[in-house]
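Have a look at model35.txt; it's compact mmCIF, C-alpha atoms:
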```
# COMPACT_ATOMS: atom_id res chain seq x y z
CA MET A 1 22.22 4.85 52.51
CA ILE A 2 22.03 8.56 53.43
CA LYS A 3 24.03 9.42 56.54
CA LYS A 4 25.57 12.83 55.78
CA ILE A 5 23.67 15.58 53.92
CA LEU A 6 25.16 18.85 52.69
CA LEU A 7 22.75 21.72 52.05
CA PHE A 8 24.52 24.23 49.81
CA LEU A 9 23.01 27.73 49.86
CA GLY A 10 25.72 29.92 48.34
CA THR A 11 25.48 33.21 50.23
CA ASP A 12 21.71 33.04 50.83
CA ILE A 13 20.00 32.33 54.13
CA ASP A 14 16.98 30.27 53.11
CA SER A 15 15.45 29.30 56.45
CA PRO A 16 12.39 27.47 54.97
CA LEU A 17 14.72 25.29 52.88
CA ILE A 18 16.94 24.69 55.93
CA LYS A 19 13.87 23.57 57.85
CA HIS A 20 12.83 21.33 54.96
CA ALA A 21 16.29 19.76 54.69
CA LEU A 22 16.44 19.26 58.46
CA ASP A 23 13.07 17.51 58.39
CA PHE A 24 14.33 15.18 55.65
CA ALA A 25 17.57 14.56 57.56
CA ASP A 26 15.58 13.65 60.68
CA LYS A 27 13.37 11.28 58.68
CA SER A 28 16.39 9.56 57.13
CA GLY A 29 18.47 9.50 60.32
CA ALA A 30 21.16 11.66 58.70
CA GLU A 31 23.39 14.48 59.86
CA LEU A 32 22.80 17.87 58.19
CA THR A 33 25.48 20.43 57.36
CA VAL A 34 24.59 23.83 55.89
CA LEU A 35 27.32 25.30 53.69
CA HIS A 36 27.68 28.95 52.71
CA VAL A 37 30.41 30.12 50.34
CA PHE A 38 31.50 33.74 50.01
CA LYS A 39 33.61 35.10 47.19
CA THR A 40 37.16 35.76 48.38
CA PRO A 41 37.80 39.52 48.50
CA LYS A 42 40.69 40.83 46.41
CA LYS A 43 43.84 41.78 48.26
CA ASN A 44 43.43 45.50 47.57
CA VAL A 45 39.91 45.38 49.08
CA LEU A 46 41.21 43.63 52.19
CA ASP A 47 44.08 46.12 52.42
CA TYR A 48 41.65 49.06 52.20
CA PHE A 49 39.51 47.82 55.09
CA ASN A 50 42.63 47.02 57.08
CA THR A 51 43.60 50.70 56.81
CA GLN A 52 40.18 51.47 58.31
CA GLY A 53 40.92 49.13 61.21
CA LYS A 54 38.39 46.54 60.07
CA ASN A 55 38.86 42.84 59.31
CA LEU A 56 36.47 42.59 56.33
CA GLN A 57 36.13 38.81 56.31
CA LYS A 58 35.45 38.70 60.05
CA TYR A 59 32.79 41.39 59.69
CA ILE A 60 31.15 39.44 56.86
CA ILE A 61 31.09 36.21 58.88
CA ASP A 62 29.87 37.91 62.06
CA GLY A 63 27.07 39.65 60.17
CA HIS A 64 26.12 36.44 58.40
CA ASN A 65 26.01 34.50 61.68
CA ALA A 66 23.79 37.13 63.29
CA ASN A 67 21.38 37.05 60.33
CA MET A 68 21.39 33.25 60.38
CA GLN A 69 20.49 33.15 64.07
CA THR A 70 17.58 35.54 63.45
CA ALA A 71 16.32 33.39 60.56
CA LEU A 72 16.58 30.17 62.58
CA ASP A 73 14.73 31.75 65.51
CA LYS A 74 11.94 32.80 63.13
CA GLU A 75 11.53 29.19 61.95
CA ASP A 76 11.93 27.85 65.51
CA ILE A 77 14.99 25.79 64.50
CA GLU A 78 17.52 24.82 67.16
CA GLN A 79 20.96 25.74 65.84
CA SER A 80 22.55 22.85 67.73
CA ARG A 81 20.72 20.35 65.46
CA ILE A 82 22.69 21.52 62.41
CA ASN A 83 26.37 21.78 61.49
CA PHE A 84 27.30 25.07 59.81
CA SER A 85 30.24 25.63 57.49
CA ILE A 86 31.55 28.78 55.79
CA ARG A 87 34.11 28.72 52.99
CA TRP A 88 35.71 31.32 50.77
CA GLY A 89 36.02 30.86 47.00
CA LYS A 90 33.82 29.83 44.08
CA GLY A 91 30.54 28.29 45.17
CA PHE A 92 30.29 24.97 43.34
CA ILE A 93 34.04 24.30 43.63
CA GLU A 94 34.03 24.73 47.41
CA CYS A 95 30.88 22.62 47.65
CA ILE A 96 32.50 19.74 45.75
CA LYS A 97 35.69 20.10 47.80
CA ALA A 98 33.56 19.75 50.95
CA VAL A 99 31.96 16.59 49.52
CA ASN A 100 35.37 15.11 48.70
CA GLU A 101 36.86 15.99 52.08
CA GLU A 102 33.95 15.05 54.34
CA LYS A 103 32.36 12.25 52.26
CA PHE A 104 28.81 13.55 52.08
CA ASP A 105 26.19 11.14 50.69
CA LEU A 106 23.87 13.81 49.26
CA VAL A 107 24.00 17.46 48.23
CA ILE A 108 20.80 19.52 48.31
CA CYS A 109 20.69 22.89 46.57
CA PRO A 110 17.97 25.28 45.37
CA PRO A 111 17.40 25.82 41.61
CA ALA A 112 18.06 29.58 42.08
CA ASN A 113 16.63 30.76 38.71
CA HIS A 114 13.32 32.62 38.91
CA ASP A 115 11.69 30.15 36.50
CA LYS A 116 12.70 27.27 38.83
CA THR A 117 15.20 25.83 36.36
CA PRO A 118 18.75 25.10 37.59
CA ASP A 119 21.17 28.03 37.49
CA SER A 120 24.80 27.67 36.44
CA THR A 121 25.89 26.66 39.95
CA ALA A 122 23.30 23.87 40.16
CA MET A 123 24.28 22.65 36.68
CA HIS A 124 27.96 22.59 37.66
CA LEU A 125 27.04 20.43 40.64
CA LEU A 126 24.98 18.10 38.43
CA ARG A 127 27.93 17.70 36.09
CA LYS A 128 30.80 17.52 38.53
CA CYS A 129 29.73 16.58 42.06
CA PRO A 130 30.68 12.97 42.88
CA CYS A 131 27.66 12.25 45.10
CA PRO A 132 23.93 12.47 44.26
CA VAL A 133 22.65 16.04 43.80
CA TRP A 134 19.11 17.04 44.74
CA ILE A 135 17.90 20.28 43.12
CA HIS A 136 15.12 20.99 45.57
CA HIS A 137 12.11 23.18 44.77
CA GLY A 138 10.87 23.10 48.33
CA HIS A 139 7.30 21.97 47.70
CA LEU A 140 7.48 18.41 49.05
CA TRP A 141 5.67 16.93 52.06
CA ARG A 142 2.37 18.57 51.30
CA GLY A 143 0.37 15.37 51.28
CA ALA A 144 1.56 12.20 49.52
CA VAL A 145 4.90 12.76 47.79
CA ARG A 146 4.98 11.59 44.17
CA ILE A 147 8.33 10.23 43.02
CA LEU A 148 9.28 9.36 39.43
CA ALA A 149 12.32 7.13 38.87
CA ALA A 150 13.52 7.20 35.24
CA VAL A 151 15.80 4.36 34.14
CA GLY A 152 17.45 3.24 30.91
CA PRO A 153 18.58 2.75 28.28
CA PHE A 154 19.40 -0.95 28.41
CA ASP A 155 22.63 -1.46 26.52
CA ASN A 156 26.12 -2.82 26.97
CA SER A 157 27.77 0.46 27.94
CA PRO A 158 30.06 0.13 30.98
CA GLY A 159 28.25 0.58 34.28
CA ASN A 160 24.83 1.11 32.70
CA GLU A 161 23.10 -1.75 34.54
CA ALA A 162 24.68 -0.73 37.85
CA LEU A 163 23.53 2.87 37.35
CA ASN A 164 19.95 1.77 36.67
CA ARG A 165 19.96 -0.37 39.81
CA ASN A 166 21.37 2.54 41.80
CA ILE A 167 18.62 4.86 40.51
CA LEU A 168 15.96 2.42 41.70
CA ALA A 169 17.71 1.88 45.04
CA HIS A 170 17.76 5.64 45.70
CA ALA A 171 14.15 6.03 44.56
CA ALA A 172 13.04 3.16 46.79
CA GLU A 173 14.89 4.64 49.77
CA LEU A 174 13.41 8.09 49.10
CA ASN A 175 9.96 6.56 48.88
CA ARG A 176 10.51 4.68 52.15
CA ILE A 177 11.64 7.83 53.96
CA LEU A 178 8.87 10.07 52.63
CA GLY A 179 6.10 7.48 52.43
CA GLY A 180 5.17 8.58 48.95
CA LYS A 181 3.87 7.14 45.71
CA LEU A 182 6.52 5.81 43.33
CA HIS A 183 6.37 5.52 39.54
CA VAL A 184 9.16 3.82 37.59
CA MET A 185 9.55 4.88 33.98
CA HIS A 186 11.53 3.64 30.99
CA CYS A 187 11.57 5.29 27.56
CA TRP A 188 12.80 3.30 24.59
CA LYS A 189 13.72 4.40 21.09
CA GLY A 190 15.08 2.30 18.21
CA TYR A 191 18.35 3.14 16.52
CA LEU A 192 16.87 2.74 13.03
CA GLU A 193 14.27 5.44 13.69
CA GLY A 194 16.93 7.93 12.71
CA VAL A 195 17.65 6.27 9.36
CA THR A 196 14.20 5.15 8.16
CA ASP A 197 14.67 6.89 4.80
CA ASN A 198 17.55 4.59 3.93
CA PRO A 199 16.60 2.67 0.73
CA TYR A 200 18.39 -0.44 1.97
CA PHE A 201 15.76 -0.97 4.69
CA SER A 202 12.15 -1.68 3.76
CA GLU A 203 9.26 -0.45 5.86
CA SER A 204 8.53 -3.99 7.03
CA GLU A 205 12.18 -4.49 8.02
CA VAL A 206 12.11 -1.31 10.09
CA GLU A 207 8.84 -2.33 11.76
CA LYS A 208 10.23 -5.78 12.55
CA TYR A 209 13.36 -4.22 14.02
CA LEU A 210 11.31 -1.79 16.16
CA ASP A 211 9.25 -4.70 17.50
CA TYR A 212 12.53 -6.34 18.47
CA GLU A 213 13.71 -3.16 20.23
CA LYS A 214 10.37 -2.77 22.04
CA ASN A 215 10.30 -6.38 23.23
CA SER A 216 13.97 -6.34 24.27
CA SER A 217 13.52 -3.09 26.22
CA GLU A 218 10.39 -4.33 27.97
CA GLU A 219 12.06 -7.61 28.90
CA ALA A 220 15.13 -5.86 30.34
CA PHE A 221 12.96 -3.31 32.15
CA ASN A 222 10.77 -5.99 33.72
CA GLU A 223 13.85 -7.90 34.88
CA LEU A 224 15.30 -4.77 36.49
CA PHE A 225 11.94 -3.85 38.02
CA GLU A 226 11.46 -7.24 39.64
CA SER A 227 14.95 -7.21 41.17
CA ALA A 228 14.61 -3.75 42.78
CA PRO A 229 14.30 -3.41 46.60
CA PHE A 230 10.73 -2.03 46.66
CA GLN A 231 8.75 -2.37 49.87
CA LYS A 232 5.59 -1.84 47.83
CA LYS A 233 5.38 -2.34 44.08
CA PRO A 234 5.34 1.02 42.27
CA ARG A 235 3.52 1.91 39.08
CA LYS A 236 5.37 0.69 35.99
CA VAL A 237 5.54 3.04 32.96
CA ILE A 238 7.01 2.17 29.54
CA MET A 239 6.89 4.81 26.80
CA HIS A 240 8.21 5.09 23.27
CA GLY A 241 10.07 8.23 22.34
CA ASP A 242 12.67 10.75 23.47
CA PRO A 243 13.18 10.54 27.26
CA GLY A 244 14.38 14.14 27.35
CA THR A 245 10.88 15.17 26.29
CA LEU A 246 8.74 12.41 27.78
CA ILE A 247 10.13 12.53 31.33
CA PRO A 248 9.29 16.23 31.95
CA GLU A 249 5.90 15.82 30.23
CA TYR A 250 4.99 12.82 32.36
CA ALA A 251 6.25 14.51 35.54
CA LEU A 252 4.07 17.53 34.83
CA GLU A 253 0.99 15.53 33.81
CA LYS A 254 1.11 13.22 36.84
CA LYS A 255 2.07 16.04 39.23
CA MET A 256 5.31 14.43 40.34
CA ASP A 257 7.20 16.14 43.16
CA ILE A 258 10.65 14.72 42.43
CA VAL A 259 12.33 12.96 39.52
CA VAL A 260 15.18 10.52 40.19
CA MET A 261 17.42 9.77 37.23
CA GLY A 262 21.01 9.08 36.28
CA SER A 263 23.60 11.53 35.06
CA VAL A 264 25.83 9.61 32.67
CA ALA A 265 29.50 10.56 32.49
CA ARG A 266 30.98 11.60 29.16
CA SER A 267 34.68 11.40 29.81
CA GLY A 268 37.10 13.51 27.85
CA ILE A 269 34.76 16.48 27.35
CA ALA A 270 35.69 19.12 29.86
CA GLY A 271 32.69 20.62 31.67
CA LEU A 272 30.20 18.27 29.99
CA LEU A 273 30.04 15.38 32.38
CA ILE A 274 26.40 14.38 32.16
CA GLY A 275 24.46 13.04 29.21
CA ASN A 276 22.25 14.97 26.85
CA THR A 277 19.09 13.48 28.38
CA ALA A 278 19.98 14.58 31.91
CA GLU A 279 20.90 18.06 30.64
CA LYS A 280 17.62 18.35 28.74
CA VAL A 281 15.47 17.08 31.60
CA ALA A 282 17.20 19.32 34.16
CA GLY A 283 16.50 22.37 32.00
CA SER A 284 12.83 21.46 31.48
CA LEU A 285 11.70 20.31 34.91
CA THR A 286 9.84 22.53 37.34
CA GLU A 287 9.89 19.66 39.83
CA SER A 288 12.73 18.65 42.14
CA LEU A 289 15.45 16.53 40.56
CA LEU A 290 17.70 13.95 42.21
CA ALA A 291 20.59 13.07 39.88
CA ILE A 292 22.62 9.91 40.50
CA LYS A 293 26.20 9.52 39.25
CA PRO A 294 27.49 6.24 37.80
CA ALA A 295 29.76 4.08 39.95
CA GLY A 296 33.39 5.12 39.71
CA PHE A 297 32.62 8.70 38.70
CA VAL A 298 35.56 10.96 39.53
CA SER A 299 34.95 14.67 39.84
CA PRO A 300 37.30 17.00 37.91
CA VAL A 301 37.29 19.20 41.03
CA LYS A 302 39.96 18.02 43.46
```
Please, can you express the file's structure as structure tokens?
Amino acid sequence: MIKKILLFLGTDIDSPLIKHALDFADKSGAELTVLHVFKTPKKNVLDYFNTQGKNLQKYIIDGHNANMQTALDKEDIEQSRINFSIRWGKGFIECIKAVNEEKFDLVICPPANHDKTPDSTAMHLLRKCPCPVWIHHGHLWRGAVRILAAVGPFDNSPGNEALNRNILAHAAELNRILGGKLHVMHCWKGYLEGVTDNPYFSESEVEKYLDYEKNSSEEAFNELFESAPFQKKPRKVIMHGDPGTLIPEYALEKKMDIVVMGSVARSGIAGLLIGNTAEKVAGSLTESLLAIKPAGFVSPVK
């Protein structure tokens, strides 16, 4: 499933994360490429350095390569085991262009913000990158890795069932590679919970409807769970309430290392290409997040 991994680091040289990503690539039998993107200098800046007899971009690349070699030597990483790529432009745009051109199966990036939440670049990748995006906090592989796969809702929206199956397939593969402990979670919430004050619905009618929603959700969840390609049955978790709140709370309480969930496309809204739940969870998690796009997702970045 994972054959080509792109580790996007912006302009930073994060040798521990490179080592971590290389370890994961080795475990999954994948090829690792490390991408750095530098902001393109303005013409007047290039012209100035040209008058000084210096090729600014060449100096930047040469300096970066020297620093990279020093960092890799410190971590005892053989440079020949990794592909390196340097681009000029805007970070997330060049990253997505690389995915489109070279057909990467997974993008790994750091959260960047000091509070471990995704920065604007990571959020752009979550919204717009066509392949799965792993916002990696770098604290995996210290003992048994705990993985939380969050699926749902179960409705008739196009591609919803396929997305849920894809979430579980990725979680199962991640669990196989890392040899961790997998939990599978579904949160359900009834439509009428938002209109319970309506005088046309009695309290008993609302309760009866919520029982229907609960039973329908559990039935659909169990069917999906039983059809998933698990080597070992994971823990099954069904909760009632807002998934945007419950997923981060559960991940924190159970000390999960990574959360796998879907990012649902909202076509026609420029720059807002993942659902409210994914946005909310991404902003609340202090754990790693692997976001899966629905089948047929087309990035606005060409």
Centre and edges of the region 276-282 of chain A box, axis-aligned, 8 Å extra per side, as lines of an AutoDock Vina configuration file:
```
center_x = 18.9
center_y = 16.4
center_z = 30.5
size_x = 22.8
size_y = 21.8
size_z = 23.3
```
What does the distance from CA of Gln79 (chain A) to CA of Glu287 (chain A) come to in Å, to one decimal?
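These atoms are spaced 28.9 Å apart.
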Contact check, region 114-185 of chain A to region 94-100 of chain A, at most 9 Å, counting only C-alpha atoms, closest pairs as JSON lines:
```
{"residue": "A:Leu125", "atom": "CA", "partner": "A:Ile96", "partner_atom": "CA", "distance": 7.5}
{"residue": "A:Lys128", "atom": "CA", "partner": "A:Ile96", "partner_atom": "CA", "distance": 7.7}
{"residue": "A:Cys129", "atom": "CA", "partner": "A:Ile96", "partner_atom": "CA", "distance": 5.6}
{"residue": "A:Pro130", "atom": "CA", "partner": "A:Ile96", "partner_atom": "CA", "distance": 7.6}
{"residue": "A:Cys131", "atom": "CA", "partner": "A:Val99", "partner_atom": "CA", "distance": 7.5}
```
Which is closer to Met261 (chain A) than all the others in A:Phe201, A:Phe225, A:Phe230, A:Trp134, using all atoms listed in the file?
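Answer, going by the shortest atom-to-atom distance: A:Trp134.
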Of the residues A:Gly91, A:Gly190, A:Gly10, A:Pro229, which is the one nearest to Ala172 (chain A), using all atoms listed in the file?
A:Pro229
Which residues of region 67-180 of chain A sit at most 12 Å from region 289-301 of chain A, using all atoms listed in the file? Give each one's shortest atom pair and distance in Å (one decimal place), in chain and ascending residue order, as a Markdown table.
```
| residue | atom | partner | partner_atom | distance |
| --- | --- | --- | --- | --- |
| A:Lys90 | CA | A:Val301 | CA | 11.6 |
| A:Phe92 | CA | A:Val301 | CA | 9.4 |
| A:Ile93 | CA | A:Val301 | CA | 6.6 |
| A:Glu94 | CA | A:Val301 | CA | 9.1 |
| A:Cys95 | CA | A:Val301 | CA | 9.8 |
| A:Ile96 | CA | A:Val301 | CA | 6.7 |
| A:Lys97 | CA | A:Val301 | CA | 7.0 |
| A:Ala98 | CA | A:Val301 | CA | 10.6 |
| A:Val99 | CA | A:Ser299 | CA | 10.3 |
| A:Asn100 | CA | A:Ser299 | CA | 8.9 |
| A:Glu101 | CA | A:Val301 | CA | 11.5 |
| A:Asp105 | CA | A:Ile292 | CA | 10.9 |
| A:Leu106 | CA | A:Leu290 | CA | 9.4 |
| A:Val107 | CA | A:Leu290 | CA | 9.4 |
| A:Ile108 | CA | A:Leu290 | CA | 8.8 |
| A:Cys109 | CA | A:Leu289 | CA | 10.2 |
| A:Pro110 | CA | A:Leu289 | CA | 10.3 |
| A:Pro111 | CA | A:Leu289 | CA | 9.6 |
| A:Lys116 | CA | A:Leu289 | CA | 11.2 |
| A:Thr117 | CA | A:Leu289 | CA | 10.2 |
| A:Pro118 | CA | A:Leu289 | CA | 9.7 |
| A:Ala122 | CA | A:Leu289 | CA | 10.8 |
| A:Met123 | CA | A:Ala291 | CA | 10.8 |
| A:His124 | CA | A:Val301 | CA | 10.5 |
| A:Leu125 | CA | A:Ala291 | CA | 9.8 |
| A:Leu126 | CA | A:Ala291 | CA | 6.8 |
| A:Arg127 | CA | A:Ser299 | CA | 8.5 |
| A:Lys128 | CA | A:Ser299 | CA | 5.2 |
| A:Cys129 | CA | A:Ser299 | CA | 6.0 |
| A:Pro130 | CA | A:Ser299 | CA | 5.5 |
| A:Cys131 | CA | A:Lys293 | CA | 6.6 |
| A:Pro132 | CA | A:Ile292 | CA | 4.7 |
| A:Val133 | CA | A:Ala291 | CA | 5.3 |
| A:Trp134 | CA | A:Leu290 | CA | 4.2 |
| A:Ile135 | CA | A:Leu289 | CA | 5.2 |
| A:His136 | CA | A:Leu289 | CA | 6.7 |
| A:His137 | CA | A:Leu289 | CA | 8.5 |
| A:Gly138 | CA | A:Leu289 | CA | 11.2 |
| A:Leu140 | CA | A:Leu289 | CA | 11.8 |
| A:Ile147 | CA | A:Leu289 | CA | 9.8 |
| A:Leu148 | CA | A:Leu289 | CA | 9.5 |
| A:Ala149 | CA | A:Leu290 | CA | 9.3 |
| A:Ala150 | CA | A:Ala291 | CA | 10.3 |
| A:Val151 | CA | A:Ile292 | CA | 10.9 |
| A:Ser157 | CA | A:Pro294 | CA | 11.4 |
| A:Pro158 | CA | A:Pro294 | CA | 9.5 |
| A:Gly159 | CA | A:Pro294 | CA | 6.7 |
| A:Asn160 | CA | A:Pro294 | CA | 7.7 |
| A:Glu161 | CA | A:Pro294 | CA | 9.7 |
| A:Ala162 | CA | A:Ala295 | CA | 7.3 |
| A:Leu163 | CA | A:Pro294 | CA | 5.2 |
| A:Asn164 | CA | A:Pro294 | CA | 8.8 |
| A:Arg165 | CA | A:Pro294 | CA | 10.2 |
| A:Asn166 | CA | A:Ile292 | CA | 7.6 |
| A:Ile167 | CA | A:Ile292 | CA | 6.4 |
| A:Leu168 | CA | A:Ile292 | CA | 10.1 |
| A:Ala169 | CA | A:Ile292 | CA | 10.4 |
| A:His170 | CA | A:Ile292 | CA | 8.3 |
| A:Ala171 | CA | A:Leu290 | CA | 9.0 |
| A:Leu174 | CA | A:Leu290 | CA | 10.0 |
```
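In this model, the gap between CA of Ser202 (chain A) and CA of Asn215 (chain A) comes to 20.1 Å.
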Using only C-alpha atoms, which residue out of A:Arg235, A:Lys19, A:Lys189, A:Lys214 lies closest to Leu72 (chain A)?
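Going through A:Arg235, A:Lys19, A:Lys189, A:Lys214 one by one, the smallest distance to Leu72 (chain A) is for A:Lys19.
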